$ cat my_file18.cif   # mmCIF, C-alpha atoms
data_input
loop_
_atom_site.group_PDB
_atom_site.id
_atom_site.type_symbol
_atom_site.label_atom_id
_atom_site.label_comp_id
_atom_site.auth_asym_id
_atom_site.auth_seq_id
_atom_site.Cartn_x
_atom_site.Cartn_y
_atom_site.Cartn_z
ATOM 1 C CA MET A 1 17.252 -14.308 -0.071
ATOM 2 C CA ILE A 2 15.717 -15.785 -3.255
ATOM 3 C CA ASN A 3 16.318 -19.474 -3.763
ATOM 4 C CA LYS A 4 18.776 -20.077 -6.655
ATOM 5 C CA GLN A 5 16.626 -22.982 -7.840
ATOM 6 C CA ILE A 6 13.738 -20.563 -8.390
ATOM 7 C CA LEU A 7 15.794 -17.737 -9.902
ATOM 8 C CA ASN A 8 17.672 -19.852 -12.441
ATOM 9 C CA LEU A 9 18.252 -19.108 -16.141
ATOM 10 C CA PRO A 10 15.422 -21.290 -17.575
ATOM 11 C CA ASN A 11 12.895 -19.760 -15.153
ATOM 12 C CA LEU A 12 14.074 -16.237 -16.036
ATOM 13 C CA ILE A 13 13.572 -17.001 -19.750
ATOM 14 C CA THR A 14 10.084 -18.310 -18.980
ATOM 15 C CA LEU A 15 9.393 -15.203 -16.895
ATOM 16 C CA TYR A 16 10.350 -13.080 -19.911
ATOM 17 C CA ARG A 17 7.716 -14.945 -21.956
ATOM 18 C CA LEU A 18 5.086 -14.189 -19.308
ATOM 19 C CA LEU A 19 6.017 -10.494 -19.031
ATOM 20 C CA ILE A 20 6.170 -9.874 -22.804
ATOM 21 C CA PHE A 21 2.698 -11.410 -23.355
ATOM 22 C CA PRO A 22 0.718 -8.122 -22.992
ATOM 23 C CA LEU A 23 3.012 -6.300 -25.453
ATOM 24 C CA ILE A 24 2.693 -9.016 -28.134
ATOM 25 C CA LEU A 25 -1.086 -9.106 -27.602
ATOM 26 C CA TYR A 26 -1.141 -5.310 -27.992
ATOM 27 C CA PHE A 27 0.734 -5.581 -31.319
ATOM 28 C CA ALA A 28 -1.817 -8.140 -32.528
ATOM 29 C CA ILE A 29 -4.900 -6.187 -31.436
ATOM 30 C CA THR A 30 -3.606 -2.929 -32.949
ATOM 31 C CA GLY A 31 -2.795 -4.649 -36.267
ATOM 32 C CA LYS A 32 0.996 -4.270 -36.083
ATOM 33 C CA GLU A 33 1.826 -7.517 -37.875
ATOM 34 C CA THR A 34 5.618 -7.152 -38.203
ATOM 35 C CA PRO A 35 6.463 -6.446 -34.515
ATOM 36 C CA TYR A 36 3.836 -9.015 -33.492
ATOM 37 C CA ALA A 37 5.452 -11.733 -35.644
ATOM 38 C CA ILE A 38 9.021 -10.805 -34.598
ATOM 39 C CA PHE A 39 8.290 -10.854 -30.862
ATOM 40 C CA LEU A 40 6.228 -14.021 -31.090
ATOM 41 C CA VAL A 41 9.015 -15.797 -32.970
ATOM 42 C CA ILE A 42 11.403 -14.721 -30.175
ATOM 43 C CA ASN A 43 8.884 -16.156 -27.695
ATOM 44 C CA LEU A 44 8.696 -19.456 -29.573
ATOM 45 C CA ILE A 45 12.493 -19.735 -29.746
ATOM 46 C CA SER A 46 12.847 -18.877 -26.049
ATOM 47 C CA ASP A 47 10.269 -21.592 -25.286
ATOM 48 C CA ALA A 48 12.542 -24.191 -26.865
ATOM 49 C CA LEU A 49 15.589 -22.622 -25.224
ATOM 50 C CA ASP A 50 14.368 -22.628 -21.610
ATOM 51 C CA GLY A 51 13.471 -26.324 -21.723
ATOM 52 C CA PHE A 52 16.765 -27.256 -23.388
ATOM 53 C CA ILE A 53 18.805 -25.319 -20.809
ATOM 54 C CA ALA A 54 16.789 -26.754 -17.909
ATOM 55 C CA ARG A 55 17.354 -30.343 -19.058
ATOM 56 C CA ARG A 56 20.968 -29.879 -20.143
ATOM 57 C CA LEU A 57 22.113 -28.088 -16.981
ATOM 58 C CA LYS A 58 19.813 -30.106 -14.693
ATOM 59 C CA MET A 59 17.895 -27.004 -13.617
ATOM 60 C CA GLU A 60 14.414 -28.518 -13.904
ATOM 61 C CA THR A 61 12.124 -27.452 -11.058
ATOM 62 C CA GLU A 62 8.450 -27.959 -10.250
ATOM 63 C CA LEU A 63 7.922 -24.187 -10.384
ATOM 64 C CA GLY A 64 9.715 -23.986 -13.732
ATOM 65 C CA ALA A 65 7.498 -26.711 -15.218
ATOM 66 C CA LYS A 66 4.335 -24.934 -14.039
ATOM 67 C CA LEU A 67 5.497 -21.523 -15.247
ATOM 68 C CA ASP A 68 6.509 -23.023 -18.609
ATOM 69 C CA SER A 69 3.099 -24.666 -19.059
ATOM 70 C CA PHE A 70 1.325 -21.411 -18.211
ATOM 71 C CA ALA A 71 3.560 -19.496 -20.643
ATOM 72 C CA ASP A 72 2.816 -22.145 -23.314
ATOM 73 C CA ASN A 73 -0.923 -21.554 -22.836
ATOM 74 C CA LEU A 74 -0.381 -17.809 -23.244
ATOM 75 C CA ASN A 75 1.616 -18.497 -26.421
ATOM 76 C CA TYR A 76 -1.382 -20.403 -27.800
ATOM 77 C CA VAL A 77 -3.559 -17.360 -27.035
ATOM 78 C CA LEU A 78 -1.091 -15.163 -28.934
ATOM 79 C CA VAL A 79 -0.838 -17.543 -31.887
ATOM 80 C CA PHE A 80 -4.599 -17.972 -32.306
ATOM 81 C CA THR A 81 -5.165 -14.230 -31.840
ATOM 82 C CA GLY A 82 -2.572 -13.480 -34.519
ATOM 83 C CA ILE A 83 -3.994 -16.062 -36.893
ATOM 84 C CA TYR A 84 -7.499 -14.658 -36.388
ATOM 85 C CA ILE A 85 -6.386 -11.051 -36.969
ATOM 86 C CA PHE A 86 -3.772 -11.489 -39.700
ATOM 87 C CA LYS A 87 -4.186 -14.897 -41.387
ATOM 88 C CA LEU A 88 -7.860 -15.877 -41.023
ATOM 89 C CA GLU A 89 -8.419 -15.801 -44.768
ATOM 90 C CA ASP A 90 -5.720 -18.483 -45.269
ATOM 91 C CA LEU A 91 -7.293 -20.797 -42.678
ATOM 92 C CA LEU A 92 -11.033 -20.301 -43.312
ATOM 93 C CA PRO A 93 -11.216 -23.258 -45.725
ATOM 94 C CA TYR A 94 -9.810 -25.447 -42.901
ATOM 95 C CA LYS A 95 -12.034 -24.141 -40.089
ATOM 96 C CA VAL A 96 -13.513 -27.544 -39.105
ATOM 97 C CA SER A 97 -10.105 -29.164 -38.514
ATOM 98 C CA LEU A 98 -8.854 -25.999 -36.778
ATOM 99 C CA ILE A 99 -11.858 -25.969 -34.407
ATOM 100 C CA ILE A 100 -11.305 -29.663 -33.573
ATOM 101 C CA PHE A 101 -7.607 -28.929 -32.901
ATOM 102 C CA ILE A 102 -8.387 -25.955 -30.615
ATOM 103 C CA ALA A 103 -11.151 -27.896 -28.822
ATOM 104 C CA SER A 104 -8.780 -30.820 -28.147
ATOM 105 C CA LEU A 105 -6.210 -28.441 -26.609
ATOM 106 C CA LEU A 106 -8.848 -26.728 -24.467
ATOM 107 C CA LEU A 107 -10.186 -30.107 -23.334
ATOM 108 C CA THR A 108 -6.793 -31.058 -21.851
ATOM 109 C CA VAL A 109 -6.869 -27.877 -19.742
ATOM 110 C CA VAL A 110 -10.526 -28.279 -18.703
ATOM 111 C CA ILE A 111 -10.038 -31.915 -17.626
ATOM 112 C CA SER A 112 -6.925 -30.950 -15.640
ATOM 113 C CA LEU A 113 -8.730 -28.103 -13.868
ATOM 114 C CA ILE A 114 -11.708 -30.341 -13.036
ATOM 115 C CA LYS A 115 -9.710 -33.397 -11.905
ATOM 116 C CA PHE A 116 -6.614 -31.820 -10.339
ATOM 117 C CA GLY A 117 -7.642 -28.199 -9.772
ATOM 118 C CA LYS A 118 -4.473 -27.131 -11.625
ATOM 119 C CA PHE A 119 -3.275 -26.267 -15.106
ATOM 120 C CA PRO A 120 -1.553 -29.259 -16.756
ATOM 121 C CA SER A 121 2.252 -29.385 -16.743
ATOM 122 C CA PHE A 122 2.991 -32.844 -18.177
ATOM 123 C CA HIS A 123 5.478 -31.721 -20.884
ATOM 124 C CA LEU A 124 4.971 -34.935 -22.863
ATOM 125 C CA TYR A 125 7.504 -35.738 -25.567
ATOM 126 C CA ILE A 126 4.746 -35.659 -28.193
ATOM 127 C CA THR A 127 3.610 -32.186 -27.133
ATOM 128 C CA LYS A 128 7.185 -30.852 -26.876
ATOM 129 C CA ILE A 129 7.942 -31.987 -30.424
ATOM 130 C CA GLY A 130 4.507 -30.775 -31.521
ATOM 131 C CA GLY A 131 5.257 -27.354 -30.048
ATOM 132 C CA TYR A 132 8.456 -27.090 -32.077
ATOM 133 C CA VAL A 133 6.643 -28.170 -35.254
ATOM 134 C CA GLN A 134 3.795 -25.706 -34.569
ATOM 135 C CA GLY A 135 6.350 -22.945 -33.973
ATOM 136 C CA ALA A 136 8.041 -23.747 -37.286
ATOM 137 C CA PHE A 137 4.644 -23.704 -39.050
ATOM 138 C CA PHE A 138 3.824 -20.342 -37.517
ATOM 139 C CA ILE A 139 7.182 -18.859 -38.582
ATOM 140 C CA CYS A 140 6.581 -20.159 -42.129
ATOM 141 C CA LEU A 141 3.017 -18.791 -42.119
ATOM 142 C CA PHE A 142 4.259 -15.261 -41.398
ATOM 143 C CA THR A 143 7.306 -15.416 -43.693
ATOM 144 C CA ILE A 144 6.892 -17.862 -46.601
ATOM 145 C CA GLY A 145 3.106 -18.249 -46.440
ATOM 146 C CA PHE A 146 0.532 -20.973 -45.804
ATOM 147 C CA MET A 147 1.526 -24.575 -46.636
ATOM 148 C CA GLU A 148 -1.324 -27.100 -46.595
ATOM 149 C CA TRP A 149 0.784 -30.217 -45.888
ATOM 150 C CA PHE A 150 2.477 -28.443 -42.967
ATOM 151 C CA TYR A 151 -0.906 -27.331 -41.621
ATOM 152 C CA TYR A 152 -2.263 -30.897 -41.629
ATOM 153 C CA LEU A 153 0.915 -32.150 -39.977
ATOM 154 C CA ILE A 154 0.475 -29.809 -36.973
ATOM 155 C CA ILE A 155 -3.260 -30.549 -36.738
ATOM 156 C CA VAL A 156 -2.852 -34.348 -36.703
ATOM 157 C CA TRP A 157 0.163 -34.181 -34.378
ATOM 158 C CA GLY A 158 -1.621 -31.787 -32.018
ATOM 159 C CA ILE A 159 -4.787 -33.895 -31.786
ATOM 160 C CA ALA A 160 -2.710 -37.055 -31.209
ATOM 161 C CA GLY A 161 -0.848 -35.239 -28.417
ATOM 162 C CA ALA A 162 -4.132 -34.112 -26.846
ATOM 163 C CA ILE A 163 -5.495 -37.692 -26.919
ATOM 164 C CA GLU A 164 -2.351 -38.994 -25.178
ATOM 165 C CA HIS A 165 -2.562 -36.137 -22.668
ATOM 166 C CA ILE A 166 -6.208 -36.904 -21.838
ATOM 167 C CA ALA A 167 -5.480 -40.639 -21.471
ATOM 168 C CA ILE A 168 -2.716 -39.850 -18.951
ATOM 169 C CA GLN A 169 -5.026 -37.478 -17.061
ATOM 170 C CA PHE A 170 -7.496 -40.329 -16.554
ATOM 171 C CA ILE A 171 -4.748 -42.726 -15.393
ATOM 172 C CA LEU A 172 -2.798 -40.529 -12.958
ATOM 173 C CA PRO A 173 -4.340 -39.982 -9.517
ATOM 174 C CA GLU A 174 -2.639 -36.575 -9.108
ATOM 175 C CA MET A 175 -0.984 -33.938 -11.286
ATOM 176 C CA LYS A 176 2.668 -34.580 -12.107
ATOM 177 C CA SER A 177 5.152 -32.392 -13.948
ATOM 178 C CA ASN A 178 7.508 -33.550 -16.701
ATOM 179 C CA VAL A 179 5.727 -36.792 -17.600
ATOM 180 C CA LYS A 180 7.388 -38.280 -20.682
ATOM 181 C CA GLY A 181 4.365 -40.012 -22.183
ATOM 182 C CA LEU A 182 1.721 -42.723 -21.901
ATOM 183 C CA TYR A 183 4.249 -45.549 -22.384
ATOM 184 C CA TRP A 184 6.273 -44.402 -19.352
ATOM 185 C CA VAL A 185 3.156 -43.835 -17.219
ATOM 186 C CA LEU A 186 1.919 -47.380 -17.931
ATOM 187 C CA LYS A 187 5.409 -48.807 -17.362
ATOM 188 C CA GLU A 188 5.691 -47.067 -13.978
ATOM 189 C CA ARG A 189 2.198 -48.204 -13.037
ATOM 190 C CA LYS A 190 3.086 -51.800 -13.898
ATOM 191 C CA THR A 191 6.321 -51.594 -11.840
ATOM 192 C CA ASN A 192 4.436 -50.150 -8.848
ATOM 193 C CA ARG A 193 1.870 -52.956 -9.014
ATOM 194 C CA LYS A 194 4.601 -55.611 -9.069
ATOM 195 C CA GLN A 195 6.327 -54.011 -6.076
ATOM 196 C CA SER A 196 3.085 -53.865 -4.082
ATOM 197 C CA ILE A 197 2.437 -57.609 -4.572
#

$ encode --input "my_file18.cif" --output "structure tokens"
Amino acid sequence: MINKQILNLPNLITLYRLLIFPLILYFAITGKETPYAIFLVINLISDALDGFIARRLKMETELGAKLDSFADNLNYVLVFTGIYIFKLEDLLPYKVSLIIFIASLLLTVVISLIKFGKFPSFHLYITKIGGYVQGAFFICLFTIGFMEWFYYLIIVWGIAGAIEHIAIQFILPEMKSNVKGLYWVLKERKTNRKQSI
């Protein structure tokens, strides 16, 4: 019998995001912009939905956090693939900042794999909010069009989130899921030190 904690609603939504990945990638590679954009928007909305349901109904699990992080990484693959195929012309003038943004995201994954041997699953507040803002930018990009101020907002926010993520990776001795942020990590560390004295 499958454990109800594993087969809960948030995990099923995340599983949908994992299973639909090849289809959305196919739409991108074959140049089908409309179905690509529609299905990716559904993916981005479901990303917000699974986390909200998990927190609201207290259905957060270690497996769910790991699956969600993996699905988030696949979403980034889809977004950057779509931007490269459909919207590269809009972003070419901003290639330096875009490369720095992508490199900072990749660095968080590389450091996690080297230090912990696992994909990161922190779910920091800054990266959660950043994900929603990036999703909104992407929806605007494929509907209204490119907005420079919005672009710089997601770039700065994303790099700031990556810096916080990397700082936490250097502080924590082992991978943890659902870490709120650097403030809470330092606060917990300080509490643990006081208790050990």

$ residues_around --input "my_file18.cif" --residues "range 9-22 of chain A" --least-positions-apart "2" --cutoff "10 Å" --atoms "only C-alpha atoms" --output "ChimeraX atom specification"
/A:4-7,24-28,39-40,42-44,46-47,49-55,57,59-61,63-65,67-72,74-75,77-78

$ resolve_selection --input "my_file18.cif" --expression "the PyMOL selection byres ((chain A and resi 111) around 12)" --output "list in words"
Ala103, Ser104, Leu105, Leu106, Leu107, Thr108, Val109, Val110, Ser112, Leu113, Ile114, Lys115, Phe116, Gly117, Lys118, Phe119, Pro120, Ala162, Ile163, His165, Ile166, Ala167, Ile168, Gln169, Phe170 and Met175 of chain A

$ resolve_selection --input "my_file18.cif" --expression "the PyMOL selection byres ((chain A and resi 86) around 12)" --output "VMD selection string"
chain A and resid 27 to 34 36 to 37 78 to 85 87 to 92 138 141 to 142 145

$ atom_distance --input "my_file18.cif" --atom1 "CA of Leu172 in chain A" --atom2 "CA of Gly158 in chain A"
21.0 Å

$ atom_distance --input "my_file18.cif" --atom1 "CA of Gln195 in chain A" --atom2 "CA of His123 in chain A"
26.8 Å

$ closest_residue --input "my_file18.cif" --among "A:Ala160, A:Phe137, A:Ile144, A:Ser121" --to "Ile100 in chain A" --atoms "only C-alpha atoms"
A:Ala160

$ atom_distance --input "my_file18.cif" --atom1 "CA of Glu164 in chain A" --atom2 "CA of Trp149 in chain A"
22.7 Å

$ build_atoms --input "my_file18.cif" --residues "range 169-197 of chain A" --atoms "N, CA and C atoms" --output "PDB file, keeping the file's coordinate frame"
ATOM      1  N   GLN A 169      -4.247 -38.156 -18.102  1.00  0.00           N
ATOM      2  CA  GLN A 169      -5.026 -37.478 -17.061  1.00  0.00           C
ATOM      3  C   GLN A 169      -5.997 -38.448 -16.375  1.00  0.00           C
ATOM      4  N   PHE A 170      -6.561 -39.358 -17.136  1.00  0.00           N
ATOM      5  CA  PHE A 170      -7.496 -40.329 -16.554  1.00  0.00           C
ATOM      6  C   PHE A 170      -6.769 -41.411 -15.746  1.00  0.00           C
ATOM      7  N   ILE A 171      -5.509 -41.681 -16.087  1.00  0.00           N
ATOM      8  CA  ILE A 171      -4.748 -42.726 -15.393  1.00  0.00           C
ATOM      9  C   ILE A 171      -4.134 -42.212 -14.089  1.00  0.00           C
ATOM     10  N   LEU A 172      -3.511 -41.036 -14.134  1.00  0.00           N
ATOM     11  CA  LEU A 172      -2.798 -40.529 -12.958  1.00  0.00           C
ATOM     12  C   LEU A 172      -3.764 -40.069 -11.863  1.00  0.00           C
ATOM     13  N   PRO A 173      -3.472 -40.417 -10.610  1.00  0.00           N
ATOM     14  CA  PRO A 173      -4.340 -39.982  -9.517  1.00  0.00           C
ATOM     15  C   PRO A 173      -4.121 -38.523  -9.115  1.00  0.00           C
ATOM     16  N   GLU A 174      -2.937 -37.974  -9.440  1.00  0.00           N
ATOM     17  CA  GLU A 174      -2.639 -36.575  -9.108  1.00  0.00           C
ATOM     18  C   GLU A 174      -1.761 -35.968 -10.194  1.00  0.00           C
ATOM     19  N   MET A 175      -1.769 -34.634 -10.262  1.00  0.00           N
ATOM     20  CA  MET A 175      -0.984 -33.938 -11.286  1.00  0.00           C
ATOM     21  C   MET A 175       0.509 -34.146 -11.052  1.00  0.00           C
ATOM     22  N   LYS A 176       1.210 -34.436 -12.137  1.00  0.00           N
ATOM     23  CA  LYS A 176       2.668 -34.580 -12.107  1.00  0.00           C
ATOM     24  C   LYS A 176       3.242 -33.663 -13.167  1.00  0.00           C
ATOM     25  N   SER A 177       4.450 -33.195 -12.942  1.00  0.00           N
ATOM     26  CA  SER A 177       5.152 -32.392 -13.948  1.00  0.00           C
ATOM     27  C   SER A 177       6.178 -33.263 -14.658  1.00  0.00           C
ATOM     28  N   ASN A 178       6.470 -32.889 -15.898  1.00  0.00           N
ATOM     29  CA  ASN A 178       7.508 -33.550 -16.701  1.00  0.00           C
ATOM     30  C   ASN A 178       7.279 -35.048 -16.859  1.00  0.00           C
ATOM     31  N   VAL A 179       6.063 -35.398 -17.273  1.00  0.00           N
ATOM     32  CA  VAL A 179       5.727 -36.792 -17.600  1.00  0.00           C
ATOM     33  C   VAL A 179       6.144 -37.013 -19.054  1.00  0.00           C
ATOM     34  N   LYS A 180       6.867 -38.067 -19.322  1.00  0.00           N
ATOM     35  CA  LYS A 180       7.388 -38.280 -20.682  1.00  0.00           C
ATOM     36  C   LYS A 180       6.291 -38.651 -21.677  1.00  0.00           C
ATOM     37  N   GLY A 181       5.415 -39.568 -21.274  1.00  0.00           N
ATOM     38  CA  GLY A 181       4.365 -40.012 -22.183  1.00  0.00           C
ATOM     39  C   GLY A 181       3.604 -41.189 -21.615  1.00  0.00           C
ATOM     40  N   LEU A 182       2.602 -41.639 -22.343  1.00  0.00           N
ATOM     41  CA  LEU A 182       1.721 -42.723 -21.901  1.00  0.00           C
ATOM     42  C   LEU A 182       2.493 -44.017 -21.657  1.00  0.00           C
ATOM     43  N   TYR A 183       3.442 -44.330 -22.531  1.00  0.00           N
ATOM     44  CA  TYR A 183       4.249 -45.549 -22.384  1.00  0.00           C
ATOM     45  C   TYR A 183       4.921 -45.584 -21.013  1.00  0.00           C
ATOM     46  N   TRP A 184       5.539 -44.466 -20.621  1.00  0.00           N
ATOM     47  CA  TRP A 184       6.273 -44.402 -19.352  1.00  0.00           C
ATOM     48  C   TRP A 184       5.326 -44.426 -18.148  1.00  0.00           C
ATOM     49  N   VAL A 185       4.156 -43.821 -18.298  1.00  0.00           N
ATOM     50  CA  VAL A 185       3.156 -43.835 -17.219  1.00  0.00           C
ATOM     51  C   VAL A 185       2.680 -45.264 -16.975  1.00  0.00           C
ATOM     52  N   LEU A 186       2.383 -45.989 -18.054  1.00  0.00           N
ATOM     53  CA  LEU A 186       1.919 -47.380 -17.931  1.00  0.00           C
ATOM     54  C   LEU A 186       3.028 -48.283 -17.398  1.00  0.00           C
ATOM     55  N   LYS A 187       4.261 -48.021 -17.831  1.00  0.00           N
ATOM     56  CA  LYS A 187       5.409 -48.807 -17.362  1.00  0.00           C
ATOM     57  C   LYS A 187       5.606 -48.608 -15.854  1.00  0.00           C
ATOM     58  N   GLU A 188       5.532 -47.370 -15.404  1.00  0.00           N
ATOM     59  CA  GLU A 188       5.691 -47.067 -13.978  1.00  0.00           C
ATOM     60  C   GLU A 188       4.549 -47.677 -13.162  1.00  0.00           C
ATOM     61  N   ARG A 189       3.373 -47.623 -13.713  1.00  0.00           N
ATOM     62  CA  ARG A 189       2.198 -48.204 -13.037  1.00  0.00           C
ATOM     63  C   ARG A 189       2.365 -49.712 -12.870  1.00  0.00           C
ATOM     64  N   LYS A 190       2.868 -50.359 -13.925  1.00  0.00           N
ATOM     65  CA  LYS A 190       3.086 -51.800 -13.898  1.00  0.00           C
ATOM     66  C   LYS A 190       4.161 -52.166 -12.858  1.00  0.00           C
ATOM     67  N   THR A 191       5.241 -51.387 -12.816  1.00  0.00           N
ATOM     68  CA  THR A 191       6.321 -51.594 -11.840  1.00  0.00           C
ATOM     69  C   THR A 191       5.808 -51.444 -10.419  1.00  0.00           C
ATOM     70  N   ASN A 192       5.001 -50.400 -10.181  1.00  0.00           N
ATOM     71  CA  ASN A 192       4.436 -50.150  -8.848  1.00  0.00           C
ATOM     72  C   ASN A 192       3.515 -51.280  -8.413  1.00  0.00           C
ATOM     73  N   ARG A 193       2.765 -51.835  -9.341  1.00  0.00           N
ATOM     74  CA  ARG A 193       1.870 -52.956  -9.014  1.00  0.00           C
ATOM     75  C   ARG A 193       2.663 -54.192  -8.628  1.00  0.00           C
ATOM     76  N   LYS A 194       3.757 -54.443  -9.373  1.00  0.00           N
ATOM     77  CA  LYS A 194       4.601 -55.611  -9.069  1.00  0.00           C
ATOM     78  C   LYS A 194       5.244 -55.461  -7.696  1.00  0.00           C
ATOM     79  N   GLN A 195       5.672 -54.259  -7.366  1.00  0.00           N
ATOM     80  CA  GLN A 195       6.327 -54.011  -6.076  1.00  0.00           C
ATOM     81  C   GLN A 195       5.354 -54.134  -4.904  1.00  0.00           C
ATOM     82  N   SER A 196       4.080 -53.809  -5.161  1.00  0.00           N
ATOM     83  CA  SER A 196       3.085 -53.865  -4.082  1.00  0.00           C
ATOM     84  C   SER A 196       2.557 -55.278  -3.837  1.00  0.00           C
ATOM     85  N   ILE A 197       2.904 -56.211  -4.750  1.00  0.00           N
ATOM     86  CA  ILE A 197       2.437 -57.609  -4.572  1.00  0.00           C
ATOM     87  C   ILE A 197       3.355 -58.347  -3.602  1.00  0.00           C
TER      88      ILE A 197
END
